[in-house]
Structure formats: structure tokens, C-alpha cells
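Data block for model.txt (compact mmCIF, C-alpha atoms):
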# COMPACT_ATOMS: atom_id res chain seq x y z
CA MET A 1 -15.99 2.39 -15.74
CA ASP A 2 -13.38 0.98 -13.32
CA PHE A 3 -10.91 3.35 -11.73
CA CYS A 4 -7.95 3.37 -9.32
CA GLU A 5 -6.61 6.65 -8.05
CA MET A 6 -4.25 8.15 -5.47
CA THR A 7 -4.89 11.58 -4.04
CA THR A 8 -3.59 13.91 -1.35
CA GLU A 9 -6.98 15.66 -1.18
CA ARG A 10 -9.99 14.87 0.96
CA ILE A 11 -12.03 12.02 -0.62
CA ASP A 12 -15.72 12.61 -1.37
CA ILE A 13 -17.15 9.15 -0.63
CA SER A 14 -20.52 9.56 -2.29
CA SER A 15 -19.05 10.88 -5.52
CA VAL A 16 -16.75 7.84 -5.70
CA ALA A 17 -19.72 5.54 -5.08
CA ARG A 18 -21.88 7.21 -7.72
CA ARG A 19 -19.18 6.80 -10.38
CA VAL A 20 -19.88 3.05 -10.41
CA VAL A 21 -23.56 2.72 -11.28
CA PRO A 22 -23.80 0.60 -14.44
CA PRO A 23 -27.32 0.03 -15.83
CA GLU A 24 -27.20 -3.73 -15.25
CA CYS A 25 -26.41 -3.23 -11.56
CA GLY A 26 -28.74 -2.98 -8.59
CA ALA A 27 -26.35 -2.43 -5.68
CA THR A 28 -23.06 -0.75 -4.88
CA VAL A 29 -21.17 -1.66 -1.70
CA THR A 30 -18.81 1.10 -0.57
CA LEU A 31 -16.12 0.78 2.10
CA ASP A 32 -15.16 4.02 3.84
CA GLY A 33 -11.88 3.36 5.64
CA TYR A 34 -10.89 6.23 7.93
CA ALA A 35 -8.28 7.23 10.49
CA ARG A 36 -8.86 5.61 13.89
CA ARG A 37 -7.97 7.39 17.13
CA PHE A 38 -7.71 4.41 19.49
CA THR A 39 -5.76 1.26 18.58
CA LYS A 40 -5.38 -1.73 20.91
CA LYS A 41 -1.87 -3.15 20.83
CA ASP A 42 -0.24 -5.65 23.19
CA GLY A 43 -2.93 -5.09 25.82
CA ARG A 44 -2.51 -1.31 25.72
CA VAL A 45 -4.62 1.32 23.98
CA LEU A 46 -2.63 3.74 21.83
CA GLU A 47 -4.12 7.13 21.07
CA THR A 48 -3.28 8.38 17.60
CA GLU A 49 -3.01 12.13 17.04
CA HIS A 50 -2.91 11.91 13.24
CA LEU A 51 -1.77 9.57 10.47
CA VAL A 52 0.71 9.93 7.62
CA TYR A 53 0.35 7.65 4.61
CA GLU A 54 3.23 7.13 2.20
CA ALA A 55 2.94 5.34 -1.15
CA TYR A 56 5.05 4.02 -3.98
CA PRO A 57 2.48 5.60 -6.29
CA GLU A 58 3.26 4.04 -9.67
CA MET A 59 3.44 0.52 -8.25
CA ALA A 60 0.45 1.11 -5.96
CA LEU A 61 -1.72 1.98 -8.95
CA LYS A 62 -0.51 -1.10 -10.83
CA GLU A 63 -1.25 -3.36 -7.87
CA MET A 64 -4.70 -1.80 -7.40
CA GLN A 65 -5.48 -2.35 -11.09
CA LYS A 66 -4.46 -6.02 -10.73
CA LEU A 67 -6.84 -6.38 -7.78
CA VAL A 68 -9.70 -4.84 -9.76
CA ALA A 69 -9.09 -7.25 -12.65
CA ARG A 70 -8.98 -10.23 -10.27
CA ALA A 71 -12.12 -9.12 -8.43
CA LYS A 72 -14.01 -8.84 -11.70
CA ALA A 73 -12.79 -12.30 -12.76
CA GLU A 74 -13.63 -14.01 -9.46
CA PHE A 75 -16.87 -12.28 -8.38
CA GLU A 76 -20.09 -11.44 -10.22
CA VAL A 77 -19.42 -7.71 -10.16
CA SER A 78 -19.58 -5.11 -12.93
CA ALA A 79 -17.51 -2.15 -11.82
CA VAL A 80 -14.93 -1.30 -9.15
CA GLY A 81 -13.52 2.04 -8.05
CA ILE A 82 -10.67 2.46 -5.56
CA VAL A 83 -9.34 5.79 -4.27
CA HIS A 84 -6.56 5.93 -1.65
CA ARG A 85 -5.37 9.08 0.03
CA THR A 86 -1.77 9.76 1.08
CA GLY A 87 -0.08 12.44 3.15
CA ARG A 88 -1.34 13.67 6.52
CA LEU A 89 -4.81 12.60 7.66
CA GLU A 90 -6.62 13.81 10.73
CA ILE A 91 -8.67 11.43 12.90
CA GLY A 92 -11.91 10.44 11.18
CA GLU A 93 -10.76 11.47 7.72
CA THR A 94 -11.18 8.93 4.95
CA SER A 95 -8.03 7.11 3.86
CA VAL A 96 -9.52 4.67 1.35
CA VAL A 97 -12.77 4.20 -0.52
CA ILE A 98 -13.62 1.01 -2.38
CA SER A 99 -16.90 0.93 -4.32
CA VAL A 100 -18.12 -2.27 -5.98
CA ALA A 101 -21.20 -2.34 -8.20
CA ALA A 102 -22.96 -5.61 -8.96
CA PRO A 103 -26.26 -6.85 -10.33
CA HIS A 104 -26.97 -8.24 -6.84
CA ARG A 105 -25.61 -7.16 -3.45
CA ARG A 106 -24.15 -10.45 -2.22
CA ALA A 107 -21.32 -10.48 -4.78
CA ALA A 108 -20.62 -6.80 -4.15
CA PHE A 109 -20.19 -7.37 -0.38
CA ALA A 110 -17.92 -10.36 -0.97
CA ALA A 111 -15.78 -8.58 -3.56
CA CYS A 112 -15.42 -5.44 -1.43
CA GLU A 113 -14.25 -7.48 1.57
CA TRP A 114 -11.79 -9.38 -0.62
CA LEU A 115 -10.48 -6.14 -2.18
CA ILE A 116 -9.70 -4.39 1.11
CA LYS A 117 -8.06 -7.53 2.50
CA GLU A 118 -5.82 -7.84 -0.57
CA LEU A 119 -5.14 -4.10 -0.74
CA LYS A 120 -3.80 -4.17 2.84
CA ARG A 121 -1.60 -7.15 1.94
CA THR A 122 -0.18 -6.19 -1.46
CA VAL A 123 -0.58 -2.52 -2.43
CA PRO A 124 2.61 -0.58 -1.57
CA ILE A 125 1.22 2.03 0.80
CA TRP A 126 2.42 2.52 4.39
CA LYS A 127 0.71 4.08 7.39
CA LYS A 128 2.55 5.91 10.15
CA GLU A 129 0.66 6.48 13.40
CA VAL A 130 1.70 9.69 15.15
CA TYR A 131 1.05 9.84 18.91
CA ALA A 132 1.43 12.68 21.38
CA ASP A 133 4.79 11.20 22.46
CA GLY A 134 6.14 9.47 19.38
CA GLU A 135 5.31 7.69 16.14
CA ALA A 136 5.35 4.21 14.64
CA TRP A 137 4.84 2.61 11.26
CA ALA A 138 1.82 0.33 11.38
CA GLU A 139 2.82 -3.30 11.16
CA GLY A 140 1.57 -4.66 7.88
CA GLU A 141 0.54 -8.18 7.18
CA SER A 142 2.89 -10.41 5.24
CA ASN A 143 3.12 -9.51 1.57
CA ALA A 144 2.55 -11.38 -1.64
CA MET B 145 27.46 -2.38 -11.63
CA ARG B 146 25.82 0.53 -9.89
CA ILE B 147 22.10 0.39 -9.13
CA LYS B 148 19.71 2.93 -7.68
CA VAL B 149 17.42 1.78 -4.87
CA LEU B 150 14.27 3.49 -3.62
CA PHE B 151 13.17 3.05 0.01
CA PHE B 152 9.64 3.30 1.36
CA GLY B 153 7.90 3.07 4.73
CA ALA B 154 9.92 2.00 7.74
CA ALA B 155 12.82 1.03 5.44
CA GLY B 156 13.21 4.67 4.43
CA ASP B 157 13.32 5.83 8.04
CA ILE B 158 15.82 3.12 8.97
CA VAL B 159 18.32 4.01 6.25
CA GLY B 160 17.60 7.71 6.69
CA LYS B 161 16.97 8.45 3.02
CA ARG B 162 14.48 7.74 0.28
CA ASP B 163 16.97 6.59 -2.35
CA ASP B 164 20.56 5.47 -2.56
CA GLU B 165 23.10 4.05 -4.99
CA LEU B 166 24.63 0.66 -4.44
CA ASP B 167 27.37 -1.35 -6.16
CA VAL B 168 26.55 -5.00 -6.84
CA ARG B 169 28.20 -7.52 -9.16
CA GLU B 170 27.06 -7.97 -12.76
CA GLY B 171 24.33 -10.60 -12.91
CA ALA B 172 23.22 -9.92 -9.35
CA ALA B 173 19.80 -11.06 -8.17
CA ALA B 174 17.31 -9.41 -5.84
CA LYS B 175 18.70 -11.42 -2.91
CA ASP B 176 22.17 -9.96 -3.52
CA VAL B 177 20.72 -6.44 -3.33
CA LEU B 178 19.08 -7.22 0.02
CA ASP B 179 22.29 -8.78 1.34
CA ALA B 180 24.32 -5.72 0.27
CA LEU B 181 21.81 -3.41 1.95
CA ALA B 182 21.83 -5.45 5.17
CA ALA B 183 25.62 -5.19 5.25
CA ARG B 184 25.53 -1.44 4.66
CA PHE B 185 22.62 -0.70 6.99
CA PRO B 186 22.79 -3.21 9.88
CA LYS B 187 19.61 -1.79 11.38
CA LEU B 188 17.68 -3.27 8.45
CA ALA B 189 18.39 -6.73 9.86
CA GLY B 190 15.43 -7.92 11.85
CA HIS B 191 12.95 -6.44 9.40
CA LYS B 192 11.31 -8.54 6.75
CA LEU B 193 12.09 -6.68 3.56
CA HIS B 194 10.36 -6.83 0.21
CA ILE B 195 11.92 -5.87 -3.07
CA ALA B 196 10.28 -4.74 -6.28
CA VAL B 197 11.96 -4.62 -9.69
CA ASP B 198 10.39 -2.26 -12.22
CA GLN B 199 7.33 -1.89 -9.98
CA GLU B 200 6.64 -5.62 -9.69
CA TYR B 201 7.20 -7.80 -6.60
CA ALA B 202 10.42 -9.73 -7.13
CA SER B 203 11.54 -13.12 -5.84
CA PRO B 204 15.04 -13.61 -4.35
CA ALA B 205 16.23 -15.01 -7.70
CA THR B 206 14.93 -12.16 -9.86
CA ALA B 207 17.80 -10.72 -11.90
CA VAL B 208 18.54 -7.01 -11.52
CA HIS B 209 20.20 -4.69 -14.02
CA SER B 210 21.55 -1.19 -13.71
CA ASP B 211 18.60 0.27 -15.63
CA ASN B 212 15.95 -1.37 -13.41
CA GLU B 213 13.88 0.62 -10.96
CA ILE B 214 14.53 -1.18 -7.67
CA ALA B 215 12.53 -0.51 -4.52
CA VAL B 216 12.95 -1.95 -1.02
CA PHE B 217 10.30 -1.73 1.68
CA THR B 218 8.85 -3.28 4.81
CA ALA B 219 5.42 -4.97 4.89
CA VAL B 220 2.77 -2.70 3.42
CA SER B 221 0.10 -1.24 5.72
CA GLY B 222 -2.29 0.79 3.61
CA GLY B 223 -6.05 0.81 3.84
Translate this structure into C-alpha cells?
Amino acid sequence: MDFCEMTTERIDISSVARRVVPPECGATVTLDGYARRFTKKDGRVLETEHLVYEAYPEMALKEMQKLVARAKAEFEVSAVGIVHRTGRLEIGETSVVISVAAPHRRAAFAACEWLIKELKRTVPIWKKEVYADGEAWAEGESNA
Amino acid sequence: MRIKVLFFGAAGDIVGKRDDELDVREGAAAKDVLDALAARFPKLAGHKLHIAVDQEYASPATAVHSDNEIAVFTAVSGG
């Protein structure tokens, strides 16, 4: 029921969400993370032209699977699906989908928030922002 | 012993390649790998680097062997 995947293709959000619908559940919370055009940084607004995501794919999948196991141990949730895209993404295209199914919505919201926070901190994927006049790797938070 | 190191994210751009071979002493630890890389690629200094051994986050004291898969990278920024 749980799944973690990496893809270079466009992600179909609703099909990810509908893969986690166990019979004991009544709600799925789905995060659709997508490429942002405007980013505030040091009092300036940077305009991104497109993004490039790079991954250490084998380790990224292992770290995602650890997060799913921890989420299921710490929250009252039944199923978790995570799909992360890599390669070039245009503005507005989905980079990550996290779907969490639970008997009741409250646990699903809490687990989904925890999962994206931990994914950004521990899963070995990197985002490069490409501007009209240059590029920069996004500054990640401190790791595990 | 000779080890192979993979680079990801900003670390890959800084060293200008995605993998490299490095000589470290027998019984070296993860910290020794990072020190050797900092000496070889001075531009890596000033970046907080992480190291993984066989696809697991390693501590400075983690032992490395020539048959390990070693990866070095800057703070992750997925999502």
C-alpha cells in the first residue's frame, strides 16, 4: 500500500492520491509541492525561470522509506505515498507529492506536515534555481 | 587505499565532476575523507558537507573501506 518513487516525468497528483485509499480510512491529505517563480531572499525578490532537481536516487528512496515507516509509527495513519520528480521543471510543475491516508483527517494533516519537513531535511535531493541571469543551488536546512 | 567518491548538488559543481578517486590511509574514517577533499578542492571549504557511506548518513568517525560507496554533498534541498 505504501510507496516511494522517483520520476523524471510529470506527476499526476490525483492518481498518486487515489493509490492510498484503504477501506479503514476516511481522509487522505495530499501535498502538491510545485516550482515557485518568485522567491524572497535577503530583502530581494528573485525570479526563477525554471528549476533543476538532482537526486542521489538509491539513497533518496531509502531515506523516504525510513520516513514512511516513522510516520506510520508516530501518527495514526494507514498508508503513505511519496513521489518526487527530478530533472528540469517549469514554473508551476509539481516537484513532490505526499499523500497520507488515515481513519480521521487530523492525523493525516499532522503526518503530511511532518513528512515534508523531514523530507526537506534528510532526503538527498537538491534544487537548483535558474534565473534569467544566473543560477544557484537552493540553501537546504541542516541535515540529520 | 583508493576510494571512489560521488558528489551531488553544489558539491558536484564546486569540484567540477560527479565522481572522483581519492587515496586515503587504511583504516580511514569519514572525517579523513572530508579533510582530504578539502585539501584537494579548497573551494569546498566554507561549505558544510555531509558524507554518506553505503547510502547511509555517516558520522565523522564512521570507518570507510575501499569497497564502500561514498558520497559527499551539501545540505539537501528537495521538496
Taking 6 positions as the minimum chain separation for residues in the same chain, which residues sit within 10 Å of stretch 51-67 of chain A when counting all atoms listed in the file? Answer as a ChimeraX atom specification. /A:2-8,35-37,73,80-91,93,95,114-116,118-119,122-131,135-138 /B:150-153,196,198-201,215,217,220-223
May I have the residues from that selection written out with C-alpha atoms, as a PDB file, in the frame of the given file?
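Just written: again.pdb:
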ATOM      1  CA  ASP A   2     -13.380   0.980 -13.320  1.00  0.00           C
ATOM      2  CA  PHE A   3     -10.910   3.350 -11.730  1.00  0.00           C
ATOM      3  CA  CYS A   4      -7.950   3.370  -9.320  1.00  0.00           C
ATOM      4  CA  GLU A   5      -6.610   6.650  -8.050  1.00  0.00           C
ATOM      5  CA  MET A   6      -4.250   8.150  -5.470  1.00  0.00           C
ATOM      6  CA  THR A   7      -4.890  11.580  -4.040  1.00  0.00           C
ATOM      7  CA  THR A   8      -3.590  13.910  -1.350  1.00  0.00           C
ATOM      8  CA  ALA A  35      -8.280   7.230  10.490  1.00  0.00           C
ATOM      9  CA  ARG A  36      -8.860   5.610  13.890  1.00  0.00           C
ATOM     10  CA  ARG A  37      -7.970   7.390  17.130  1.00  0.00           C
ATOM     11  CA  ALA A  73     -12.790 -12.300 -12.760  1.00  0.00           C
ATOM     12  CA  VAL A  80     -14.930  -1.300  -9.150  1.00  0.00           C
ATOM     13  CA  GLY A  81     -13.520   2.040  -8.050  1.00  0.00           C
ATOM     14  CA  ILE A  82     -10.670   2.460  -5.560  1.00  0.00           C
ATOM     15  CA  VAL A  83      -9.340   5.790  -4.270  1.00  0.00           C
ATOM     16  CA  HIS A  84      -6.560   5.930  -1.650  1.00  0.00           C
ATOM     17  CA  ARG A  85      -5.370   9.080   0.030  1.00  0.00           C
ATOM     18  CA  THR A  86      -1.770   9.760   1.080  1.00  0.00           C
ATOM     19  CA  GLY A  87      -0.080  12.440   3.150  1.00  0.00           C
ATOM     20  CA  ARG A  88      -1.340  13.670   6.520  1.00  0.00           C
ATOM     21  CA  LEU A  89      -4.810  12.600   7.660  1.00  0.00           C
ATOM     22  CA  GLU A  90      -6.620  13.810  10.730  1.00  0.00           C
ATOM     23  CA  ILE A  91      -8.670  11.430  12.900  1.00  0.00           C
ATOM     24  CA  GLU A  93     -10.760  11.470   7.720  1.00  0.00           C
ATOM     25  CA  SER A  95      -8.030   7.110   3.860  1.00  0.00           C
ATOM     26  CA  TRP A 114     -11.790  -9.380  -0.620  1.00  0.00           C
ATOM     27  CA  LEU A 115     -10.480  -6.140  -2.180  1.00  0.00           C
ATOM     28  CA  ILE A 116      -9.700  -4.390   1.110  1.00  0.00           C
ATOM     29  CA  GLU A 118      -5.820  -7.840  -0.570  1.00  0.00           C
ATOM     30  CA  LEU A 119      -5.140  -4.100  -0.740  1.00  0.00           C
ATOM     31  CA  THR A 122      -0.180  -6.190  -1.460  1.00  0.00           C
ATOM     32  CA  VAL A 123      -0.580  -2.520  -2.430  1.00  0.00           C
ATOM     33  CA  PRO A 124       2.610  -0.580  -1.570  1.00  0.00           C
ATOM     34  CA  ILE A 125       1.220   2.030   0.800  1.00  0.00           C
ATOM     35  CA  TRP A 126       2.420   2.520   4.390  1.00  0.00           C
ATOM     36  CA  LYS A 127       0.710   4.080   7.390  1.00  0.00           C
ATOM     37  CA  LYS A 128       2.550   5.910  10.150  1.00  0.00           C
ATOM     38  CA  GLU A 129       0.660   6.480  13.400  1.00  0.00           C
ATOM     39  CA  VAL A 130       1.700   9.690  15.150  1.00  0.00           C
ATOM     40  CA  TYR A 131       1.050   9.840  18.910  1.00  0.00           C
ATOM     41  CA  GLU A 135       5.310   7.690  16.140  1.00  0.00           C
ATOM     42  CA  ALA A 136       5.350   4.210  14.640  1.00  0.00           C
ATOM     43  CA  TRP A 137       4.840   2.610  11.260  1.00  0.00           C
ATOM     44  CA  ALA A 138       1.820   0.330  11.380  1.00  0.00           C
TER      45      ALA A 138
ATOM     46  CA  LEU B 150      14.270   3.490  -3.620  1.00  0.00           C
ATOM     47  CA  PHE B 151      13.170   3.050   0.010  1.00  0.00           C
ATOM     48  CA  PHE B 152       9.640   3.300   1.360  1.00  0.00           C
ATOM     49  CA  GLY B 153       7.900   3.070   4.730  1.00  0.00           C
ATOM     50  CA  ALA B 196      10.280  -4.740  -6.280  1.00  0.00           C
ATOM     51  CA  ASP B 198      10.390  -2.260 -12.220  1.00  0.00           C
ATOM     52  CA  GLN B 199       7.330  -1.890  -9.980  1.00  0.00           C
ATOM     53  CA  GLU B 200       6.640  -5.620  -9.690  1.00  0.00           C
ATOM     54  CA  TYR B 201       7.200  -7.800  -6.600  1.00  0.00           C
ATOM     55  CA  ALA B 215      12.530  -0.510  -4.520  1.00  0.00           C
ATOM     56  CA  PHE B 217      10.300  -1.730   1.680  1.00  0.00           C
ATOM     57  CA  VAL B 220       2.770  -2.700   3.420  1.00  0.00           C
ATOM     58  CA  SER B 221       0.100  -1.240   5.720  1.00  0.00           C
ATOM     59  CA  GLY B 222      -2.290   0.790   3.610  1.00  0.00           C
ATOM     60  CA  GLY B 223      -6.050   0.810   3.840  1.00  0.00           C
TER      61      GLY B 223
END
Point-to-point distance in Å for atom CA of B:Leu181 and atom CA of B:Arg162: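 Spanning atom CA of B:Arg162 to atom CA of B:Leu181 is a straight-line distance of 13.4 Å.
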Take the point (-14.3, 1.9, 7.5) in the file's coordinates, draw a sphere of radius 9 Å around it, and report as a list in words every protein, DNA or RNA residue with an atom inside or on it, counting all atoms listed in the file.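 Checked against the point, the hits come out as Leu31, Asp32, Gly33, Tyr34, Ala35, Thr94, Ser95, Val96 and Val97 of chain A.
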File dump, residues just selected, C-alpha atoms, as a PDB file, keeping the file's coordinate frame:
ATOM      1  CA  LEU A  31     -16.120   0.780   2.100  1.00  0.00           C
ATOM      2  CA  ASP A  32     -15.160   4.020   3.840  1.00  0.00           C
ATOM      3  CA  GLY A  33     -11.880   3.360   5.640  1.00  0.00           C
ATOM      4  CA  TYR A  34     -10.890   6.230   7.930  1.00  0.00           C
ATOM      5  CA  ALA A  35      -8.280   7.230  10.490  1.00  0.00           C
ATOM      6  CA  THR A  94     -11.180   8.930   4.950  1.00  0.00           C
ATOM      7  CA  SER A  95      -8.030   7.110   3.860  1.00  0.00           C
ATOM      8  CA  VAL A  96      -9.520   4.670   1.350  1.00  0.00           C
ATOM      9  CA  VAL A  97     -12.770   4.200  -0.520  1.00  0.00           C
TER      10      VAL A  97
END
Selected residue, from B:Val197, B:Leu166, B:Ala189, B:Ala155, that lies nearest to B:Ala219 when counting all atoms listed in the file: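 Of all the options, B:Ala155 lies closest to B:Ala219.
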So that I can check the surroundings of stretch 14-18 of chain A, please list as an MDAnalysis selection string every protein, DNA and RNA residue that reaches within 7 Å of it, counting all atoms listed in the file and ignoring chain neighbours fewer than 2 positions away. chainID A and resid 12 20:21 30 99
Compile the contact shell of B:Ala173 as a PyMOL selection string: residues with an atom at most 9 Å away, counting only C-alpha atoms, same-chain residues fewer than 2 positions apart removed. chain B and resi 171+175-177+203-209
State, in Å with one decimal place, the distance from atom CA of B:His191 to atom CA of B:Asp163.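 Pair atom CA of B:His191 / atom CA of B:Asp163 returns 18.0 Å.
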Which distance in Å separates atom CA of A:Arg19 and atom CA of A:Lys117, to one decimal?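 Here the two named atoms are 22.2 Å from each other.
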Could you check the closest approach to B:Ile158 for each of B:Leu188, B:Leu193, B:Leu178, B:Ala202 and tell me which residue wins, using all atoms listed in the file?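 Ranking B:Leu188, B:Leu193, B:Leu178, B:Ala202 by distance to B:Ile158, first place goes to B:Leu188.
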